[in-house]
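Structure first, commentary second.
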Amino acid sequence: MRNRELASIFERIADALEFKGENVFKINAYRKVARVLSDMAEDIETVWKEKRLQSIPGIGEGIAKKIDEFLTTGKMKKYEEAMGGVPEDILSLMDVSSIGPKTLRIAYDKLGVRTREDFVKVLEDGSLASLQGMGEKKVQNIKKGLEIYERGHERISIGEAFPLVEEIISSLKKRFPTTRFTPCGSLRRMKETIGDIDITADSKEAKKVVDAFISMESVSEVLGAGETKASVLTPVGKRSLQVDLRVVPEDCYGSCIQYFTGSKAHNIHLRTLAMKKGLKISEYGVFKDEKKIAGRSEEMVYGTLGLPWIPPEIREDSGEIEAALEGALPELIGYSDIKGDLHIHSNYSDGASSIYEIAKKAKEFRYEYICITDHSQKARYAGGLSPSKLAERNKECERVEKEVGLRIFKGIELELTPEGPDYPEEILQELDLITLAIHQRKKDYDFTSDAISAFPYIHIFAHPTGRLISGREEYKIDLKTIFKEAARNNIILEINGYPDRLDLSDINSREAKKYGVKFSICSDAHNKDKLSQTRFGIGVARRGWVEKSDVINALPLEEFEKWLREGRKRDD
DNA sequence: GCCGTTTTCGGCCCGACTGTTTTCAGTCG
């Protein structure tokens, strides 16, 4: 998958051209294609091989040629040409908040700035501030931008961002009980990582809400505040996260949350559609000439364009608008469709909660069943269960099942071993459900055939790529082969809700669906309070266009048991 | 550089905030 690589090349070209003061629309064309590429579910190499490059919106003759050149030769003349004469440091400074191409251009031309050190120097010695159009405050803002950038500009996981936003909103709700607050942006779209948080509120007393927002306890710094909007920083661990609030009147709440939910690509596509109908969309509503014709609700905004409401998770301009126009939107798996969690660790292995506590909590979620999947014996580091300990745990499952009145399946998270199953056949027989997982790291070792060789004795393949969002790369595995074999052998692929995993990803899930793969969406909880993590997995699944009928643990108990008995019948 | 039921040329999403200005440019989302 070279989509991201190409996207960053086009992004860099855009940066360089912007610095050089090229035509703004040409620059935007490069930015657009970069965005399209990084959001695209399909592998650009496949599209290229099938000579369909120009069927992708944003790719015309010129950019198609450049992609062709890059995929053929590994180089792109335009890239080298654009980068020529632009110092690397200058380009990277463009990622800093408050520093734009115009500022850098002036510093480059008038003060001879070529490196980051040069730039810091002209900030400090006052020479930048003395230039026409610059000033002391501007310099202060740039310094602040640099500080924030250096403190770490990486995104935080949705698992960290979610509780934070819930806390902010509930504190504002206390003061403004009748005001609606909606978190928008990538959080509402359930992206796996969040760059910043956008909250929209409706109120007639905008200034009061803004004031309450910037004086919250959790605010470490106010970046800006006006009559209707404000930006603040709030600490998250060692870093800090930007939170933006906008307050609008009730009659444009819908268009406002629509606008700030994005994605940018989705909105641009919508506006183009509106333009063709002689309409204009902004965050304040849909307008025909000067007359406002919608804005109160998102449904009305989409309605004026002849579209049904589109779920936020798929607003990426990756085919959802076309599908909506054709009346062919998918029926996405819903947040309350999951009937049971099939990946939970108890305190028999490396979990923190007892099976009883987990079962009680699961009842609160209105689950009809759960499966306890402690680690198998080979996973010593995670308290892997010896055969006798496993037998003891199984008895505990049966006891709690009766006591709590919740169906509890006896499961295992089975380590992959090249020699075969981690337990003898008779022990596996005593289990209801077997989930395969790979936790080992062998450099350059391809796990594809090992995983497939385990398929005859497993039901589910958990976190199939092994990636950790915070850093660890996925292990080597050929996903296309896995998808094909999983579909053929009725092996369920897991969409793991653990925020640092979210594996399969949205892109991989959407790809897997094309092969006819079915999914289980689970929490991978290590204590009872983490059962709610499943919602992040559902978010990923929705982003991957996964439908309710694709999800095995959306089945009610009786049908799920039937599937366990019959659905898993093998050819052999 | 892309794109087309207004166009193969001439458009290209749009508004708030900030700071430096005295009517606006730059930056951001």
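Labels used: A, B, ... for chains in the order of the structure tokens, numbers from 1 for residues in each chain, and numbers from 1 for ligands as shown.
Residues lying within 12 Å of DG29 (chain B), counting only C-alpha atoms (C1' of nucleotides) and ignoring same-chain neighbours fewer than 5 positions away, are Ser97, Gly185, Asp196, Ile197, Asp198, Lys229, Ser231, Asp244, Leu245, Arg246, Tyr259, Phe260, Thr261, Gly262, Ser263, Lys264 and Glu283 of chain A; DC13, DC14, DG15, DA16 and DC17 of chain B.
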Which residues of chain B come within 7 Å of chain A, and for each one, what is the closest pair of atoms and their distance in Å to one decimal, counting only C-alpha atoms (C1' of nucleotides), sorted by chain and residue number, as JSON lines?
{"residue": "B:DG1", "atom": "C1'", "partner": "A:Lys26", "partner_atom": "CA", "distance": 4.9}
{"residue": "B:DC2", "atom": "C1'", "partner": "A:Gly60", "partner_atom": "CA", "distance": 6.1}
{"residue": "B:DC12", "atom": "C1'", "partner": "A:Phe25", "partner_atom": "CA", "distance": 6.5}
{"residue": "B:DC13", "atom": "C1'", "partner": "A:Ile268", "partner_atom": "CA", "distance": 6.3}
{"residue": "B:DC14", "atom": "C1'", "partner": "A:Ser282", "partner_atom": "CA", "distance": 6.6}
{"residue": "B:DG19", "atom": "C1'", "partner": "A:Lys138", "partner_atom": "CA", "distance": 6.6}
{"residue": "B:DT20", "atom": "C1'", "partner": "A:Gly133", "partner_atom": "CA", "distance": 6.1}
{"residue": "B:DT27", "atom": "C1'", "partner": "A:Ser98", "partner_atom": "CA", "distance": 6.2}
Just list as JSON, numbers by chain whatever in region 162-356 of chain A DSSP marks as alpha helix (DSSP H). {"A": [162, 163, 164, 165, 166, 167, 168, 169, 170, 171, 172, 173, 174, 175, 185, 186, 187, 188, 206, 207, 208, 209, 210, 211, 212, 213, 214, 253, 254, 255, 256, 257, 258, 259, 260, 261, 264, 265, 266, 267, 268, 269, 270, 271, 272, 273, 274, 275, 276, 298, 299, 300, 301, 302, 303, 304, 320, 321, 322, 323, 324, 325, 355, 356]}
Give me the residues near Leu557 (chain A) as a list of chain:residue names, where near means some atom within 8 Å (using only C-alpha atoms (C1' of nucleotides)) and where sequence neighbours in that chain fewer than 3 positions away do not count.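 After dropping sequence-adjacent residues, the list is A:Lys339, A:Glu368, A:Tyr369, A:Phe560, A:Glu561.
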File of the preceding selection, N, CA and C atoms, as a PDB file, in the first residue's frame:
ATOM      1  N   LYS A 339     -24.460  -8.042  20.675  1.00  0.00           N
ATOM      2  CA  LYS A 339     -25.215  -8.839  21.651  1.00  0.00           C
ATOM      3  C   LYS A 339     -24.314  -9.574  22.636  1.00  0.00           C
ATOM      4  N   GLU A 368     -26.264 -10.536  25.814  1.00  0.00           N
ATOM      5  CA  GLU A 368     -26.922 -11.828  26.026  1.00  0.00           C
ATOM      6  C   GLU A 368     -25.898 -12.918  26.310  1.00  0.00           C
ATOM      7  N   TYR A 369     -24.659 -12.635  25.993  1.00  0.00           N
ATOM      8  CA  TYR A 369     -23.607 -13.625  26.225  1.00  0.00           C
ATOM      9  C   TYR A 369     -22.239 -12.940  26.212  1.00  0.00           C
ATOM     10  N   PHE A 560     -26.506 -17.305  17.637  1.00  0.00           N
ATOM     11  CA  PHE A 560     -25.059 -17.399  17.788  1.00  0.00           C
ATOM     12  C   PHE A 560     -24.663 -18.834  18.152  1.00  0.00           C
ATOM     13  N   GLU A 561     -25.445 -19.454  19.032  1.00  0.00           N
ATOM     14  CA  GLU A 561     -25.140 -20.838  19.413  1.00  0.00           C
ATOM     15  C   GLU A 561     -25.305 -21.781  18.234  1.00  0.00           C
TER      16      GLU A 561
END
Residue neighbourhood region 12-19 of chain A, 7 Å, only C-alpha atoms (C1' of nucleotides), exclusion window fewer than 6 positions, as a count of residues only: 10
Tell me which protein, DNA and RNA residues are within 12 Å of Glu426 (chain A), counting only C-alpha atoms (C1' of nucleotides), leaving out same-chain ones fewer than 5 positions away, and put them as a list in words.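 What passes the distance filter is Pro387, Ala391, Pro421, Leu431 and Tyr457 of chain A.
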Deliver the residues from the most recent selection as a file, using C-alpha atoms, as a PDB file, in the first residue's frame.
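The file below, selection_26.pdb, is the result:
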ATOM      1  CA  PRO A 387      -4.288 -27.178  31.563  1.00  0.00           C
ATOM      2  CA  ALA A 391     -10.071 -26.517  33.895  1.00  0.00           C
ATOM      3  CA  PRO A 421      -2.148 -25.912  18.849  1.00  0.00           C
ATOM      4  CA  LEU A 431     -13.771 -25.067  25.062  1.00  0.00           C
ATOM      5  CA  TYR A 457      -9.106 -25.589  15.057  1.00  0.00           C
TER       6      TYR A 457
END
DSSP says strand (DSSP E or B) for which residues of region 321-492 of chain A? Put them as an mmCIF file with N, CA and C atoms, in the first residue's frame?
data_model
loop_
_atom_site.group_PDB
_atom_site.id
_atom_site.type_symbol
_atom_site.label_atom_id
_atom_site.label_comp_id
_atom_site.auth_asym_id
_atom_site.auth_seq_id
_atom_site.Cartn_x
_atom_site.Cartn_y
_atom_site.Cartn_z
ATOM 1 N N LEU A 332 -25.120 0.336 8.369
ATOM 2 C CA LEU A 332 -23.962 0.118 9.234
ATOM 3 C C LEU A 332 -24.352 -0.559 10.544
ATOM 4 N N GLY A 340 -23.016 -9.572 22.354
ATOM 5 C CA GLY A 340 -22.113 -10.247 23.280
ATOM 6 C C GLY A 340 -20.668 -9.938 22.955
ATOM 7 N N ASP A 341 -19.837 -9.916 24.008
ATOM 8 C CA ASP A 341 -18.419 -9.598 23.845
ATOM 9 C C ASP A 341 -17.639 -10.916 23.838
ATOM 10 N N LEU A 342 -16.845 -11.141 22.810
ATOM 11 C CA LEU A 342 -16.182 -12.435 22.652
ATOM 12 C C LEU A 342 -14.685 -12.408 22.929
ATOM 13 N N HIS A 343 -14.199 -11.306 23.469
ATOM 14 C CA HIS A 343 -12.756 -11.230 23.762
ATOM 15 C C HIS A 343 -12.548 -10.450 25.059
ATOM 16 N N ILE A 344 -12.498 -11.199 26.173
ATOM 17 C CA ILE A 344 -12.350 -10.581 27.490
ATOM 18 C C ILE A 344 -11.341 -11.393 28.314
ATOM 19 N N TYR A 369 -24.659 -12.635 25.993
ATOM 20 C CA TYR A 369 -23.607 -13.625 26.225
ATOM 21 C C TYR A 369 -22.239 -12.940 26.212
ATOM 22 N N ILE A 370 -21.278 -13.607 26.850
ATOM 23 C CA ILE A 370 -19.889 -13.168 26.751
ATOM 24 C C ILE A 370 -19.014 -14.398 26.579
ATOM 25 N N CYS A 371 -17.791 -14.167 26.173
ATOM 26 C CA CYS A 371 -16.842 -15.270 26.112
ATOM 27 C C CYS A 371 -15.578 -14.820 26.835
ATOM 28 N N ILE A 372 -15.128 -15.619 27.800
ATOM 29 C CA ILE A 372 -13.896 -15.290 28.511
ATOM 30 C C ILE A 372 -12.737 -15.929 27.753
ATOM 31 N N THR A 373 -11.823 -15.099 27.311
ATOM 32 C CA THR A 373 -10.702 -15.579 26.497
ATOM 33 C C THR A 373 -9.389 -15.269 27.191
ATOM 34 N N ASP A 374 -9.053 -16.059 28.201
ATOM 35 C CA ASP A 374 -7.748 -15.874 28.843
ATOM 36 C C ASP A 374 -6.663 -16.402 27.912
ATOM 37 N N HIS A 375 -5.416 -16.057 28.255
ATOM 38 C CA HIS A 375 -4.292 -16.478 27.407
ATOM 39 C C HIS A 375 -3.991 -17.963 27.569
ATOM 40 N N SER A 376 -3.514 -18.584 26.508
ATOM 41 C CA SER A 376 -3.136 -19.988 26.564
ATOM 42 C C SER A 376 -1.735 -20.129 27.170
ATOM 43 N N LEU A 385 -2.695 -19.878 30.867
ATOM 44 C CA LEU A 385 -3.248 -20.906 31.745
ATOM 45 C C LEU A 385 -2.693 -22.296 31.454
ATOM 46 N N ARG A 407 -25.249 -16.129 29.684
ATOM 47 C CA ARG A 407 -24.529 -17.204 29.003
ATOM 48 C C ARG A 407 -23.051 -16.840 28.925
ATOM 49 N N ILE A 408 -22.195 -17.691 29.470
ATOM 50 C CA ILE A 408 -20.747 -17.431 29.443
ATOM 51 C C ILE A 408 -20.048 -18.542 28.682
ATOM 52 N N PHE A 409 -19.505 -18.216 27.544
ATOM 53 C CA PHE A 409 -18.769 -19.205 26.761
ATOM 54 C C PHE A 409 -17.349 -19.323 27.284
ATOM 55 N N LYS A 410 -16.867 -20.581 27.264
ATOM 56 C CA LYS A 410 -15.503 -20.836 27.722
ATOM 57 C C LYS A 410 -14.570 -20.713 26.529
ATOM 58 N N GLY A 411 -13.742 -19.695 26.562
ATOM 59 C CA GLY A 411 -12.876 -19.447 25.413
ATOM 60 C C GLY A 411 -11.411 -19.407 25.778
ATOM 61 N N ILE A 412 -10.589 -19.219 24.789
ATOM 62 C CA ILE A 412 -9.150 -19.078 25.007
ATOM 63 C C ILE A 412 -8.592 -18.185 23.916
ATOM 64 N N GLU A 413 -7.602 -17.382 24.272
ATOM 65 C CA GLU A 413 -6.848 -16.649 23.252
ATOM 66 C C GLU A 413 -5.604 -17.478 23.005
ATOM 67 N N LEU A 414 -5.643 -18.246 21.944
ATOM 68 C CA LEU A 414 -4.655 -19.286 21.693
ATOM 69 C C LEU A 414 -3.424 -18.724 20.998
ATOM 70 N N GLU A 415 -2.260 -18.994 21.600
ATOM 71 C CA GLU A 415 -1.015 -18.551 20.959
ATOM 72 C C GLU A 415 -0.748 -19.385 19.720
ATOM 73 N N LEU A 433 -15.178 -21.785 22.356
ATOM 74 C CA LEU A 433 -14.776 -20.856 21.303
ATOM 75 C C LEU A 433 -13.269 -20.596 21.399
ATOM 76 N N ILE A 434 -12.615 -20.711 20.261
ATOM 77 C CA ILE A 434 -11.158 -20.568 20.256
ATOM 78 C C ILE A 434 -10.736 -19.415 19.346
ATOM 79 N N THR A 435 -9.984 -18.508 19.958
ATOM 80 C CA THR A 435 -9.529 -17.323 19.240
ATOM 81 C C THR A 435 -8.021 -17.386 19.076
ATOM 82 N N LEU A 436 -7.591 -17.248 17.844
ATOM 83 C CA LEU A 436 -6.155 -17.274 17.573
ATOM 84 C C LEU A 436 -5.584 -15.882 17.713
ATOM 85 N N ALA A 437 -4.363 -15.782 18.275
ATOM 86 C CA ALA A 437 -3.705 -14.479 18.326
ATOM 87 C C ALA A 437 -2.204 -14.669 18.183
ATOM 88 N N ASP A 446 7.310 -14.241 8.016
ATOM 89 C CA ASP A 446 5.968 -14.107 7.446
ATOM 90 C C ASP A 446 5.023 -15.095 8.143
ATOM 91 N N ILE A 460 -12.054 -17.698 15.614
ATOM 92 C CA ILE A 460 -11.817 -16.271 15.381
ATOM 93 C C ILE A 460 -10.318 -16.002 15.315
ATOM 94 N N PHE A 461 -9.926 -15.098 14.430
ATOM 95 C CA PHE A 461 -8.537 -14.646 14.374
ATOM 96 C C PHE A 461 -8.526 -13.213 14.913
ATOM 97 N N LYS A 476 4.595 -9.223 9.685
ATOM 98 C CA LYS A 476 4.484 -9.512 8.259
ATOM 99 C C LYS A 476 3.399 -10.573 8.054
ATOM 100 N N ILE A 492 -13.772 -16.120 11.473
ATOM 101 C CA ILE A 492 -14.179 -14.749 11.743
ATOM 102 C C ILE A 492 -12.938 -13.896 12.011
#
Name all residues at most 9 Å from Lys191 (chain A) (count only C-alpha atoms (C1' of nucleotides); drop same-chain ones fewer than 3 positions away) and give them as a ChimeraX atom specification. /A:157-158,186-188,194,313,506,536,539-540,543
Those selected residues, please, written with N, CA, C and O atoms and delivered as a PDB file, in the first residue's frame.
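Once written, again-v3.pdb looks like this:
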ATOM      1  N   SER A 157      -4.950   8.935  20.925  1.00  0.00           N
ATOM      2  CA  SER A 157      -5.872   7.879  20.511  1.00  0.00           C
ATOM      3  C   SER A 157      -7.296   8.267  20.870  1.00  0.00           C
ATOM      4  O   SER A 157      -7.530   9.060  21.786  1.00  0.00           O
ATOM      5  N   ILE A 158      -8.232   7.692  20.144  1.00  0.00           N
ATOM      6  CA  ILE A 158      -9.629   8.005  20.401  1.00  0.00           C
ATOM      7  C   ILE A 158     -10.027   7.571  21.813  1.00  0.00           C
ATOM      8  O   ILE A 158     -10.873   8.187  22.455  1.00  0.00           O
ATOM      9  N   SER A 186     -12.904  14.760  13.848  1.00  0.00           N
ATOM     10  CA  SER A 186     -12.517  13.358  13.685  1.00  0.00           C
ATOM     11  C   SER A 186     -13.043  12.489  14.823  1.00  0.00           C
ATOM     12  O   SER A 186     -13.221  11.292  14.672  1.00  0.00           O
ATOM     13  N   LEU A 187     -13.330  13.109  15.974  1.00  0.00           N
ATOM     14  CA  LEU A 187     -13.887  12.334  17.087  1.00  0.00           C
ATOM     15  C   LEU A 187     -15.271  11.799  16.728  1.00  0.00           C
ATOM     16  O   LEU A 187     -15.584  10.637  16.948  1.00  0.00           O
ATOM     17  N   ARG A 188     -16.092  12.642  16.140  1.00  0.00           N
ATOM     18  CA  ARG A 188     -17.444  12.204  15.771  1.00  0.00           C
ATOM     19  C   ARG A 188     -17.369  11.198  14.627  1.00  0.00           C
ATOM     20  O   ARG A 188     -18.215  10.319  14.506  1.00  0.00           O
ATOM     21  N   ILE A 194      -6.918  11.265  17.105  1.00  0.00           N
ATOM     22  CA  ILE A 194      -7.563  12.572  17.091  1.00  0.00           C
ATOM     23  C   ILE A 194      -6.486  13.649  17.183  1.00  0.00           C
ATOM     24  O   ILE A 194      -5.626  13.596  18.059  1.00  0.00           O
ATOM     25  N   GLU A 313     -19.331   8.516  10.466  1.00  0.00           N
ATOM     26  CA  GLU A 313     -18.156   7.651  10.327  1.00  0.00           C
ATOM     27  C   GLU A 313     -17.742   7.412   8.886  1.00  0.00           C
ATOM     28  O   GLU A 313     -16.597   7.054   8.620  1.00  0.00           O
ATOM     29  N   ASP A 506     -10.082   0.407   9.811  1.00  0.00           N
ATOM     30  CA  ASP A 506     -11.237   0.669   8.944  1.00  0.00           C
ATOM     31  C   ASP A 506     -10.953   0.295   7.485  1.00  0.00           C
ATOM     32  O   ASP A 506     -11.779  -0.336   6.821  1.00  0.00           O
ATOM     33  N   PHE A 536     -15.313   1.644  20.355  1.00  0.00           N
ATOM     34  CA  PHE A 536     -14.298   2.118  19.409  1.00  0.00           C
ATOM     35  C   PHE A 536     -14.169   1.140  18.236  1.00  0.00           C
ATOM     36  O   PHE A 536     -13.959   1.543  17.100  1.00  0.00           O
ATOM     37  N   GLY A 539     -16.955   1.804  15.989  1.00  0.00           N
ATOM     38  CA  GLY A 539     -16.636   2.993  15.195  1.00  0.00           C
ATOM     39  C   GLY A 539     -15.768   2.646  13.993  1.00  0.00           C
ATOM     40  O   GLY A 539     -16.045   3.056  12.871  1.00  0.00           O
ATOM     41  N   VAL A 540     -14.738   1.856  14.241  1.00  0.00           N
ATOM     42  CA  VAL A 540     -13.851   1.426  13.153  1.00  0.00           C
ATOM     43  C   VAL A 540     -14.637   0.629  12.115  1.00  0.00           C
ATOM     44  O   VAL A 540     -14.505   0.848  10.910  1.00  0.00           O
ATOM     45  N   ARG A 543     -16.692   2.852  10.046  1.00  0.00           N
ATOM     46  CA  ARG A 543     -15.835   3.532   9.074  1.00  0.00           C
ATOM     47  C   ARG A 543     -15.478   2.598   7.916  1.00  0.00           C
ATOM     48  O   ARG A 543     -15.238   3.049   6.800  1.00  0.00           O
TER      49      ARG A 543
END
Rounded to one decimal in Å, what is the spacing between CA of Ser38 (chain A) and CA of Asp95 (chain A)?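 Separation between CA of Ser38 (chain A) and CA of Asp95 (chain A): 17.5 Å.
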Do you know which residues are at most 10 Å from Ile148 (chain A) counting only C-alpha atoms (C1' of nucleotides), after dropping those on the same chain fewer than 2 positions away, and could you put them as a PyMOL selection string? chain A and resi 96-97+142-146+150-153+233+239-242
Measure the distance from CA of Pro183 (chain A) to CA of His526 (chain A) in Å and round it to one decimal.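 CA of His526 (chain A) lies 27.6 Å from CA of Pro183 (chain A).
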Would you compute the distance between CA of Leu37 (chain A) and CA of Asn3 (chain A)? Give it in Å to one decimal.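 One can read the CA of Leu37 (chain A) to CA of Asn3 (chain A) distance as 5.4 Å.
Restricting the calculation to only C-alpha atoms, the smallest distance between Val551 (chain A) and any of A:Ile469, A:Ile106, A:Leu493, A:Val301 is found for A:Leu493.
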